[in-house]
$ cat entry28.txt   # compact mmCIF, C-alpha atoms and all ligand atoms
# COMPACT_ATOMS: atom_id res chain seq x y z
CA MET A 265 -62.41 -118.28 -14.66
CA GLN A 266 -58.83 -117.27 -15.27
CA ILE A 267 -57.20 -118.49 -18.48
CA THR A 268 -53.48 -119.07 -18.66
CA LEU A 269 -51.64 -119.92 -21.86
CA GLU A 270 -48.09 -121.16 -21.74
CA ASN A 271 -45.96 -121.14 -24.83
CA LEU A 272 -48.76 -122.30 -27.14
CA GLN A 273 -47.69 -123.55 -30.56
CA ARG A 274 -49.70 -124.56 -33.61
CA SER A 275 -48.24 -125.04 -37.07
CA TYR A 276 -49.78 -125.91 -40.40
CA GLY A 277 -46.95 -127.40 -42.42
CA ASN A 278 -44.14 -124.88 -42.22
CA LEU A 279 -46.45 -122.08 -41.15
CA HIS A 280 -46.33 -121.19 -37.44
CA ALA A 281 -49.90 -119.88 -37.09
CA VAL A 282 -49.51 -119.61 -33.29
CA ASN A 283 -45.89 -119.32 -32.34
CA GLY A 284 -45.15 -119.39 -28.63
CA VAL A 285 -48.08 -117.48 -27.11
CA SER A 286 -48.05 -117.02 -23.33
CA LEU A 287 -50.87 -114.98 -21.82
CA SER A 288 -52.71 -114.58 -18.60
CA ILE A 289 -56.36 -113.62 -19.07
CA PRO A 290 -57.83 -112.58 -15.72
CA SER A 291 -61.18 -113.83 -14.55
CA ASN A 292 -64.34 -111.69 -14.59
CA THR A 293 -63.25 -109.18 -17.21
CA ILE A 294 -63.36 -108.46 -20.95
CA TYR A 295 -60.05 -109.25 -22.62
CA GLY A 296 -59.33 -108.33 -26.23
CA ILE A 297 -57.09 -110.16 -28.68
CA ILE A 298 -56.48 -107.95 -31.68
CA GLY A 299 -54.54 -108.67 -34.83
CA LYS A 300 -54.70 -108.23 -38.57
CA SER A 301 -56.00 -110.90 -40.90
CA GLY A 302 -53.66 -113.90 -40.77
CA ALA A 303 -52.16 -112.91 -37.39
CA GLY A 304 -53.30 -116.20 -35.88
CA LYS A 305 -56.38 -115.06 -33.93
CA SER A 306 -58.75 -117.79 -35.10
CA THR A 307 -56.15 -120.46 -34.56
CA LEU A 308 -55.49 -119.15 -31.06
CA VAL A 309 -59.19 -119.08 -30.22
CA ARG A 310 -59.61 -122.67 -31.44
CA LEU A 311 -56.79 -123.67 -29.08
CA ILE A 312 -58.15 -121.76 -26.07
CA SER A 313 -61.72 -122.93 -26.64
CA LEU A 314 -60.45 -126.53 -26.83
CA LEU A 315 -61.68 -127.08 -30.38
CA GLU A 316 -58.17 -127.94 -31.49
CA SER A 317 -55.10 -129.27 -29.66
CA PRO A 318 -51.84 -127.36 -29.64
CA ASP A 319 -48.62 -128.90 -31.01
CA GLY A 320 -46.91 -127.62 -27.91
CA GLY A 321 -47.60 -125.61 -24.78
CA GLU A 322 -50.38 -125.67 -22.23
CA VAL A 323 -53.82 -124.19 -21.56
CA TYR A 324 -55.08 -123.74 -17.98
CA PHE A 325 -58.56 -122.72 -16.78
CA ASP A 326 -57.93 -121.46 -13.26
CA ASN A 327 -55.20 -123.85 -12.21
CA ASN A 328 -56.46 -126.86 -14.11
CA ARG A 329 -54.74 -127.98 -17.25
CA VAL A 330 -57.39 -128.42 -19.97
CA ASP A 331 -55.55 -129.03 -23.25
CA ASN A 332 -54.86 -132.69 -22.47
CA LEU A 333 -58.24 -133.78 -21.07
CA THR A 334 -59.77 -137.12 -22.02
CA LYS A 335 -62.39 -136.96 -24.74
CA GLN A 336 -65.42 -136.98 -22.40
CA ALA A 337 -63.86 -134.49 -19.97
CA MET A 338 -63.05 -132.25 -22.94
CA ILE A 339 -66.68 -132.36 -24.14
CA ASP A 340 -67.96 -131.54 -20.63
CA ARG A 341 -65.51 -128.68 -20.33
CA ARG A 342 -66.41 -127.29 -23.77
CA ARG A 343 -70.06 -127.17 -22.72
CA ARG A 344 -69.16 -124.49 -20.21
CA VAL A 345 -67.51 -122.37 -22.88
CA GLY A 346 -69.83 -120.12 -24.89
CA MET A 347 -68.97 -118.85 -28.36
CA ILE A 348 -70.39 -116.28 -30.72
CA PHE A 349 -69.23 -115.59 -34.27
CA GLN A 350 -69.22 -112.94 -36.98
CA ASN A 351 -71.77 -114.82 -39.08
CA PHE A 352 -73.94 -115.80 -36.07
CA ASN A 353 -74.01 -119.54 -36.98
CA LEU A 354 -77.72 -119.83 -36.25
CA PHE A 355 -79.99 -122.59 -37.56
CA THR A 356 -82.15 -120.88 -40.16
CA SER A 357 -84.64 -123.76 -40.03
CA ARG A 358 -85.36 -122.98 -36.36
CA ASN A 359 -86.91 -119.85 -34.88
CA ALA A 360 -85.21 -117.70 -32.23
CA GLU A 361 -86.32 -119.70 -29.20
CA GLN A 362 -85.59 -123.04 -30.87
CA ASN A 363 -82.04 -121.83 -31.53
CA ILE A 364 -81.61 -120.79 -27.92
CA ALA A 365 -83.08 -124.09 -26.70
CA TYR A 366 -80.74 -126.23 -28.81
CA PRO A 367 -77.73 -126.60 -26.42
CA MET A 368 -80.11 -127.37 -23.55
CA GLU A 369 -81.87 -130.07 -25.58
CA ILE A 370 -78.49 -131.73 -26.12
CA THR A 371 -77.82 -131.87 -22.39
CA GLY A 372 -81.20 -133.54 -21.85
CA MET A 373 -82.84 -130.77 -19.84
CA SER A 374 -86.62 -131.12 -19.35
CA LYS A 375 -88.95 -129.21 -21.66
CA PRO A 376 -90.46 -126.95 -18.96
CA ALA A 377 -86.97 -126.11 -17.62
CA ILE A 378 -85.81 -125.26 -21.14
CA LYS A 379 -88.87 -123.07 -21.72
CA ALA A 380 -88.27 -121.14 -18.49
CA ARG A 381 -84.57 -120.65 -19.28
CA VAL A 382 -85.32 -119.53 -22.86
CA ASP A 383 -87.69 -116.84 -21.55
CA GLU A 384 -85.06 -115.69 -19.08
CA LEU A 385 -82.45 -115.52 -21.85
CA LEU A 386 -84.76 -113.64 -24.24
CA ASP A 387 -85.21 -111.07 -21.48
CA LEU A 388 -81.48 -110.89 -20.87
CA VAL A 389 -80.76 -110.03 -24.51
CA ALA A 390 -83.78 -107.70 -24.80
CA LEU A 391 -85.72 -109.87 -27.27
CA GLN A 392 -88.84 -110.35 -25.15
CA GLY A 393 -91.73 -111.54 -27.28
CA ARG A 394 -89.53 -112.33 -30.32
CA GLY A 395 -89.01 -116.01 -29.49
CA LYS A 396 -91.22 -117.25 -32.30
CA ALA A 397 -89.55 -115.07 -34.93
CA PRO A 398 -87.98 -117.00 -37.81
CA ILE A 399 -84.27 -116.22 -38.02
CA SER A 400 -84.64 -114.77 -41.54
CA THR A 401 -86.91 -112.01 -40.22
CA LEU A 402 -84.35 -110.74 -37.67
CA SER A 403 -81.85 -107.92 -38.21
CA GLY A 404 -78.10 -108.57 -37.81
CA GLY A 405 -78.12 -107.16 -34.29
CA GLN A 406 -81.12 -109.29 -33.32
CA LYS A 407 -79.47 -112.39 -34.78
CA GLN A 408 -76.38 -111.73 -32.68
CA ARG A 409 -78.62 -111.32 -29.61
CA VAL A 410 -80.11 -114.76 -30.30
CA ALA A 411 -76.58 -116.15 -30.69
CA ILE A 412 -75.54 -114.56 -27.38
CA ALA A 413 -78.58 -116.05 -25.63
CA ARG A 414 -77.78 -119.48 -27.08
CA ALA A 415 -74.11 -119.18 -26.02
CA LEU A 416 -75.19 -118.40 -22.47
CA ALA A 417 -77.88 -121.08 -22.24
CA CYS A 418 -75.79 -123.59 -20.27
CA ASN A 419 -74.27 -121.00 -17.91
CA PRO A 420 -70.73 -120.90 -19.30
CA ASP A 421 -67.91 -119.36 -17.31
CA ILE A 422 -66.08 -118.20 -20.44
CA LEU A 423 -67.53 -116.47 -23.50
CA PHE A 424 -65.52 -116.18 -26.71
CA CYS A 425 -66.59 -113.52 -29.18
CA ASP A 426 -64.90 -114.21 -32.51
CA GLU A 427 -65.25 -111.02 -34.62
CA ALA A 428 -68.76 -110.86 -33.17
CA THR A 429 -69.45 -107.30 -34.33
CA SER A 430 -67.49 -107.30 -37.60
CA ALA A 431 -70.60 -107.74 -39.73
CA LEU A 432 -72.61 -105.07 -37.91
CA ASP A 433 -73.00 -101.33 -38.51
CA PRO A 434 -71.48 -98.90 -35.93
CA GLN A 435 -74.72 -98.31 -33.98
CA THR A 436 -75.52 -102.01 -33.74
CA THR A 437 -71.91 -102.74 -32.81
CA HIS A 438 -72.24 -100.21 -30.00
CA ALA A 439 -75.49 -101.79 -28.75
CA ILE A 440 -74.07 -105.33 -28.85
CA LEU A 441 -70.88 -104.27 -27.02
CA SER A 442 -73.00 -102.56 -24.33
CA LEU A 443 -75.04 -105.73 -23.97
CA LEU A 444 -71.91 -107.87 -23.67
CA LYS A 445 -70.49 -105.55 -21.01
CA GLU A 446 -73.74 -105.72 -19.05
CA ILE A 447 -73.91 -109.53 -19.31
CA GLN A 448 -70.25 -109.89 -18.36
CA LYS A 449 -70.95 -108.06 -15.09
CA LYS A 450 -74.23 -109.83 -14.37
CA MET A 451 -72.79 -113.30 -14.90
CA SER A 452 -69.19 -112.58 -13.75
CA LEU A 453 -68.01 -114.02 -17.05
CA THR A 454 -64.54 -114.04 -18.51
CA VAL A 455 -65.12 -112.64 -21.99
CA VAL A 456 -62.44 -112.99 -24.66
CA MET A 457 -62.99 -110.79 -27.71
CA ILE A 458 -61.14 -111.61 -30.87
CA THR A 459 -61.19 -108.70 -33.27
CA HIS A 460 -59.38 -106.71 -35.92
CA GLN A 461 -61.22 -103.53 -34.87
CA MET A 462 -59.49 -101.20 -32.42
CA GLU A 463 -62.89 -99.56 -31.78
CA VAL A 464 -64.08 -102.81 -30.19
CA VAL A 465 -61.02 -102.93 -27.95
CA ARG A 466 -61.47 -99.28 -26.99
CA ASP A 467 -65.18 -99.55 -26.26
CA ALA A 468 -65.40 -102.91 -24.55
CA CYS A 469 -62.10 -104.33 -23.31
CA VAL A 470 -60.19 -103.72 -20.12
CA GLN A 471 -57.02 -105.46 -21.23
CA VAL A 472 -55.73 -106.42 -24.65
CA ALA A 473 -53.07 -108.52 -26.33
CA VAL A 474 -51.86 -107.56 -29.80
CA LEU A 475 -51.09 -110.53 -32.00
CA ASN A 476 -48.85 -110.45 -35.06
CA ASP A 477 -47.42 -113.36 -37.04
CA GLY A 478 -48.54 -115.79 -34.36
CA LYS A 479 -46.82 -113.91 -31.55
CA VAL A 480 -48.00 -111.53 -28.83
CA VAL A 481 -46.23 -108.25 -29.61
CA GLU A 482 -47.83 -106.18 -26.86
CA GLN A 483 -50.24 -106.66 -23.97
CA GLY A 484 -51.64 -104.74 -21.03
CA LEU A 485 -54.37 -102.36 -19.95
CA VAL A 486 -56.21 -100.83 -22.89
CA THR A 487 -55.82 -97.33 -21.41
CA ASP A 488 -52.02 -97.78 -21.14
CA ILE A 489 -51.68 -99.16 -24.63
CA PHE A 490 -53.77 -96.39 -26.17
CA ALA A 491 -51.69 -93.76 -24.43
CA ASN A 492 -48.36 -95.41 -25.04
CA PRO A 493 -48.31 -98.04 -27.78
CA SER A 494 -44.95 -99.71 -28.18
CA SER A 495 -45.22 -102.01 -31.20
CA GLU A 496 -45.49 -100.98 -34.84
CA VAL A 497 -48.64 -103.03 -35.27
CA THR A 498 -50.41 -101.31 -32.37
CA LYS A 499 -49.38 -97.87 -33.61
CA ASP A 500 -50.74 -98.76 -37.00
CA PHE A 501 -54.10 -99.86 -35.49
CA LEU A 502 -54.25 -96.62 -33.51
CA ALA A 503 -53.29 -94.47 -36.47
CA HIS A 504 -56.30 -95.81 -38.32
CA LEU A 505 -58.55 -95.25 -35.35
CA VAL A 506 -57.69 -91.70 -34.34
CA GLY A 507 -56.15 -90.66 -37.61
CA LEU A 508 -57.63 -88.68 -40.45
CA ASP A 509 -58.41 -91.86 -42.28
CA GLU A 510 -61.64 -91.54 -44.25
CA SER A 511 -62.74 -94.99 -43.15
CA ALA A 512 -62.73 -93.98 -39.49
CA SER A 513 -66.24 -93.54 -38.15
CA ARG A 514 -67.31 -89.95 -37.61
CA GLN A 515 -66.96 -89.79 -33.87
CA ASP A 516 -63.34 -90.93 -34.14
CA LYS A 517 -62.35 -88.36 -36.72
CA MET A 518 -60.21 -85.49 -35.67
CA VAL A 519 -60.95 -81.93 -36.52
CA GLN A 520 -58.37 -80.74 -39.00
CA TRP A 521 -57.61 -77.06 -39.40
CA SER A 522 -55.03 -77.08 -42.11
CA LYS A 523 -54.38 -79.09 -45.24
CA LYS A 524 -50.85 -79.95 -44.15
CA ARG A 525 -50.70 -83.09 -42.09
CA GLY A 526 -48.28 -81.98 -39.32
CA THR A 527 -45.11 -83.76 -38.27
CA TYR A 528 -45.72 -84.67 -34.64
CA THR A 529 -48.63 -86.56 -33.12
CA LEU A 530 -49.04 -85.80 -29.43
CA ARG A 531 -51.13 -88.05 -27.21
CA PHE A 532 -52.36 -86.77 -23.87
CA ARG A 533 -54.04 -89.14 -21.46
CA GLY A 534 -56.45 -88.60 -18.58
CA ASP A 535 -55.10 -86.08 -16.14
CA THR A 536 -52.76 -84.46 -18.66
CA THR A 537 -55.63 -83.47 -20.95
CA ASP A 538 -56.76 -80.49 -18.89
CA GLN A 539 -53.35 -78.93 -18.27
CA PRO A 540 -51.89 -76.07 -20.31
CA ILE A 541 -48.81 -78.12 -21.21
CA LEU A 542 -48.27 -76.59 -24.64
CA SER A 543 -48.48 -72.99 -23.50
CA ARG A 544 -46.08 -73.70 -20.63
CA ILE A 545 -43.56 -75.19 -23.03
CA THR A 546 -44.09 -72.32 -25.46
CA GLN A 547 -43.19 -69.87 -22.72
CA SER A 548 -40.31 -71.76 -21.13
CA ILE A 549 -38.57 -72.99 -24.29
CA GLY A 550 -39.63 -70.39 -26.80
CA VAL A 551 -41.03 -72.72 -29.47
CA GLU A 552 -44.33 -72.37 -31.23
CA PHE A 553 -46.75 -75.17 -31.87
CA ASN A 554 -48.77 -75.00 -35.04
CA ILE A 555 -51.78 -77.19 -34.34
CA ARG A 556 -52.95 -78.94 -37.50
CA ALA A 557 -55.59 -81.28 -36.10
CA GLY A 558 -56.93 -82.47 -32.80
CA GLY A 559 -59.52 -84.59 -31.07
CA VAL A 560 -60.41 -86.34 -27.86
CA GLN A 561 -61.70 -89.85 -27.42
CA LYS A 562 -62.81 -91.85 -24.46
CA VAL A 563 -61.04 -95.12 -23.75
CA GLY A 564 -63.00 -96.79 -20.97
CA ASP A 565 -63.26 -93.99 -18.43
CA VAL A 566 -60.07 -92.25 -19.52
CA GLU A 567 -59.92 -89.47 -22.07
CA ILE A 568 -57.07 -89.56 -24.55
CA GLY A 569 -56.41 -86.37 -26.46
CA THR A 570 -54.61 -86.46 -29.79
CA MET A 571 -53.09 -83.45 -31.50
CA VAL A 572 -51.15 -83.24 -34.70
CA VAL A 573 -48.69 -80.33 -34.66
CA ASP A 574 -45.64 -78.80 -36.25
CA ILE A 575 -43.01 -77.32 -33.99
CA SER A 576 -41.13 -74.19 -35.03
CA GLY A 577 -37.50 -73.47 -34.17
CA ASP A 578 -34.04 -74.89 -34.74
CA GLU A 579 -33.21 -78.55 -34.14
CA GLU A 580 -31.92 -78.05 -30.63
CA THR A 581 -34.96 -76.08 -29.49
CA LYS A 582 -37.26 -78.71 -31.01
CA ILE A 583 -35.43 -81.47 -29.17
CA ARG A 584 -35.81 -79.54 -25.91
CA ALA A 585 -39.51 -79.08 -26.58
CA LEU A 586 -39.97 -82.78 -27.34
CA GLU A 587 -38.12 -83.67 -24.17
CA ALA A 588 -40.33 -81.29 -22.15
CA LEU A 589 -43.43 -82.93 -23.66
CA ARG A 590 -42.18 -86.36 -22.71
CA ILE A 591 -41.46 -85.23 -19.16
CA ALA A 592 -44.98 -83.78 -18.94
CA GLY A 593 -46.33 -87.25 -19.78
CA VAL A 594 -47.26 -86.61 -23.39
CA LEU A 595 -46.50 -89.37 -25.86
CA VAL A 596 -44.88 -87.99 -29.00
CA GLU A 597 -44.75 -89.75 -32.34
CA GLU A 598 -42.87 -88.22 -35.23
CA GLU A 599 -44.23 -88.78 -38.72
CA GLY A 600 -42.22 -91.36 -40.58
CA LYS A 601 -40.77 -92.63 -37.31
CA LEU A 602 -43.86 -94.49 -36.19
P1 LIG B 701 -56.58 -114.68 -38.22
O1 LIG B 701 -57.75 -115.28 -37.52
O2 LIG B 701 -55.81 -113.71 -37.36
O3 LIG B 701 -56.93 -114.09 -39.56
P2 LIG B 701 -55.74 -117.41 -38.62
O4 LIG B 701 -55.54 -118.03 -37.29
O5 LIG B 701 -56.99 -117.72 -39.36
O6 LIG B 701 -55.53 -115.84 -38.51
O7 LIG B 701 -54.54 -117.83 -39.57
C1 LIG B 701 -53.18 -117.72 -39.23
C2 LIG B 701 -52.37 -118.36 -40.33
O8 LIG B 701 -52.55 -119.77 -40.30
C3 LIG B 701 -52.77 -117.92 -41.72
O9 LIG B 701 -51.60 -117.79 -42.52
C4 LIG B 701 -53.66 -119.04 -42.21
O10 LIG B 701 -53.59 -119.15 -43.62
C5 LIG B 701 -53.05 -120.25 -41.53
N1 LIG B 701 -54.06 -121.29 -41.23
C6 LIG B 701 -55.07 -121.16 -40.35
N2 LIG B 701 -55.79 -122.29 -40.29
C7 LIG B 701 -55.22 -123.16 -41.15
C8 LIG B 701 -55.51 -124.52 -41.54
N3 LIG B 701 -56.52 -125.22 -41.01
N4 LIG B 701 -54.69 -125.08 -42.47
C9 LIG B 701 -53.66 -124.38 -42.99
N5 LIG B 701 -53.33 -123.13 -42.67
C10 LIG B 701 -54.11 -122.50 -41.77
$ encode --input "entry28.txt" --output "structure tokens" --more "lines below"
Ligand code: ADP
Amino acid sequence: MQITLENLQRSYGNLHAVNGVSLSIPSNTIYGIIGKSGAGKSTLVRLISLLESPDGGEVYFDNNRVDNLTKQAMIDRRRRVGMIFQNFNLFTSRNAEQNIAYPMEITGMSKPAIKARVDELLDLVALQGRGKAPISTLSGGQKQRVAIARALACNPDILFCDEATSALDPQTTHAILSLLKEIQKKMSLTVVMITHQMEVVRDACVQVAVLNDGKVVEQGLVTDIFANPSSEVTKDFLAHLVGLDESASRQDKMVQWSKKRGTYTLRFRGDTTDQPILSRITQSIGVEFNIRAGGVQKVGDVEIGTMVVDISGDEETKIRALEALRIAGVLVEEEGKL
């Protein structure tokens, strides 16, 4: 199911929470929408999932307009949209299988059919044998698995994940993202992930849109955006991810050799990572690179190398070196000029 948004608008009083968003979310993929708190993500997801109507603009699923459906048509359409949330939204009075059964009970499915589907779904989310477990006895990751099973109960064609891993530790986040990727493929779902975590985008999404102040400031393939971010907001997200920030999880931290931070951040993607670009430039231009820190991370199947360096030499030589780096396909960011 392809989702197309055309110039979506939603204001609360004078506040333009979603301010002219146009996006094309391809079918059968995982698409990320990232933004800081207050960027308008939740409002946007309420509009796309048909929980709220826009003040202006249009929402299409494939080529069918869905933001102006009649009440009953809207309810039927919403049934084929699955949603999972940060706080799971499970019924604590029901056990795991009763939670999963709930949306099927509403549609009036027969008890034996529900039972068979619940077993299938428990298998799908790797919770075989845990159907009778009260919700309070499950870990965060297991609760999210129950929520995923419930969201998929009525065979949706779209799954929205609203900060679905924000309350989970890194290992559990990793396991849930792997599960979502596997399910996306199995069910040919269109998955839309709303997040403020660049790690989630890196590890799970194929394409991403960056939202700021209710507007899309950047969109495209995750690998392209990681290698060549154009907006301030995206650069800021990436700086926290690959930077020397203490809050970054261990595997994202760079190895730092010297106390000084270094002036230039160089980003090498995919096929540039195994070429001796720096030594070639050293020889041809006569500059020296003092490498302060470095690391490599995988974005999807592509490796992006990051290196923080100082460049020796006079201004003109430095400019020539920077130009040579750019020509070689290395993205250069200068500290303070992010
Ligand atoms: P995010 O999910 O990215 O944190 P939100 O969509 O929740 O952003 O919010 C975007 C802006 O809209 C915020 O300034 C928020 O205070 C405002 N907002 C969201 N929902 C409402 C509402 N129901 N009433 C008033 N203001 C709202």
$ residues_around --input "entry28.txt" --residues "range 364-378 of chain A" --least-positions-apart "6" --cutoff "9 Å" --atoms "all atoms listed in the file" --output "PyMOL selection string"
chain A and resi 343+385-386+395+410-418
$ closest_atom_pairs --input "entry28.txt" --of "chain A" --to "ligand LIG 701 (chain B)" --cutoff "6 Å" --atoms "only C-alpha atoms and all ligand atoms" --output "CSV"
residue,atom,partner,partner_atom,distance
A:Tyr276,CA,B:LIG701,C9,4.9
A:Ala281,CA,B:LIG701,O8,4.2
A:Gly299,CA,B:LIG701,O2,5.8
A:Lys300,CA,B:LIG701,O2,5.7
A:Ser301,CA,B:LIG701,O3,3.6
A:Gly302,CA,B:LIG701,O3,3.5
A:Ala303,CA,B:LIG701,O2,3.7
A:Gly304,CA,B:LIG701,O4,3.2
A:Lys305,CA,B:LIG701,O2,3.7
A:Ser306,CA,B:LIG701,O1,3.6
A:Thr307,CA,B:LIG701,O4,3.7
$ residues_around --input "entry28.txt" --residues "Gly404 in chain A" --least-positions-apart "5" --cutoff "12 Å" --atoms "only C-alpha atoms" --output "short mmCIF file (atom, residue, chain, number, x, y, z; two decimals) with C-alpha atoms, in the frame of the given file"
data_model
loop_
_atom_site.label_atom_id
_atom_site.label_comp_id
_atom_site.auth_asym_id
_atom_site.auth_seq_id
_atom_site.Cartn_x
_atom_site.Cartn_y
_atom_site.Cartn_z
CA PHE A 349 -69.23 -115.59 -34.27
CA GLN A 350 -69.22 -112.94 -36.98
CA ASN A 351 -71.77 -114.82 -39.08
CA PHE A 352 -73.94 -115.80 -36.07
CA ASN A 353 -74.01 -119.54 -36.98
CA LEU A 354 -77.72 -119.83 -36.25
CA ILE A 399 -84.27 -116.22 -38.02
CA ARG A 409 -78.62 -111.32 -29.61
CA VAL A 410 -80.11 -114.76 -30.30
CA ALA A 411 -76.58 -116.15 -30.69
CA ALA A 428 -68.76 -110.86 -33.17
CA THR A 429 -69.45 -107.30 -34.33
CA SER A 430 -67.49 -107.30 -37.60
CA ALA A 431 -70.60 -107.74 -39.73
CA LEU A 432 -72.61 -105.07 -37.91
CA ASP A 433 -73.00 -101.33 -38.51
CA PRO A 434 -71.48 -98.90 -35.93
CA GLN A 435 -74.72 -98.31 -33.98
CA THR A 436 -75.52 -102.01 -33.74
CA THR A 437 -71.91 -102.74 -32.81
CA ALA A 439 -75.49 -101.79 -28.75
CA ILE A 440 -74.07 -105.33 -28.85
#
$ atom_distance --input "entry28.txt" --atom1 "CA of Ile447 in chain A" --atom2 "CA of Val563 in chain A"
19.8 Å
$ atom_distance --input "entry28.txt" --atom1 "CA of Leu542 in chain A" --atom2 "CA of Asp500 in chain A"
25.5 Å
$ atom_distance --input "entry28.txt" --atom1 "CA of Met571 in chain A" --atom2 "CA of Ser548 in chain A"
20.2 Å
$ closest_residue --input "entry28.txt" --among "A:Arg358, A:Arg590, A:Arg344, A:Arg531" --to "Lys499 in chain A" --atoms "all atoms listed in the file"
A:Arg531
$ closest_residue --input "entry28.txt" --among "A:Ala360, A:Met347, A:Ile591, A:Val572" --to "Val389 in chain A" --atoms "all atoms listed in the file"
A:Ala360
$ closest_residue --input "entry28.txt" --among "A:Glu587, A:Asp574, A:Glu463, A:Asp383" --to "Ala503 in chain A" --atoms "only C-alpha atoms"
A:Glu463
$ residues_around --input "entry28.txt" --residues "Lys450 in chain A" --least-positions-apart "5" --cutoff "10 Å" --atoms "all atoms listed in the file" --output "list in words"
Leu388, Leu444 and Lys445 of chain A
$ residues_around --input "entry28.txt" --residues "Asn554 in chain A" --least-positions-apart "6" --cutoff "10 Å" --atoms "all atoms listed in the file" --output "PDB file with C-alpha atoms, keeping the file's coordinate frame"
ATOM      1  CA  SER A 522     -55.030 -77.080 -42.110  1.00  0.00           C
ATOM      2  CA  GLY A 526     -48.280 -81.980 -39.320  1.00  0.00           C
ATOM      3  CA  VAL A 572     -51.150 -83.240 -34.700  1.00  0.00           C
ATOM      4  CA  VAL A 573     -48.690 -80.330 -34.660  1.00  0.00           C
ATOM      5  CA  ASP A 574     -45.640 -78.800 -36.250  1.00  0.00           C
ATOM      6  CA  ILE A 575     -43.010 -77.320 -33.990  1.00  0.00           C
ATOM      7  CA  SER A 576     -41.130 -74.190 -35.030  1.00  0.00           C
TER       8      SER A 576
END
$ residues_around --input "entry28.txt" --residues "range 308-320 of chain A" --least-positions-apart "5" --cutoff "6 Å" --atoms "all atoms listed in the file" --output "list in words"
Leu272, Gln273 and Arg274 of chain A
$ closest_residue --input "entry28.txt" --among "A:Val519, A:Leu589, A:Leu453, A:Ala397" --to "Phe553 in chain A" --atoms "all atoms listed in the file"
A:Leu589
$ closest_residue --input "entry28.txt" --among "A:Gly346, A:Val464, A:Met265, A:Asn359" --to "Glu427 in chain A" --atoms "only C-alpha atoms"
A:Val464
$ closest_residue --input "entry28.txt" --among "A:Asp426, A:Asp477, A:Glu567, A:Asp421" --to "Ala491 in chain A" --atoms "only C-alpha atoms"
A:Glu567
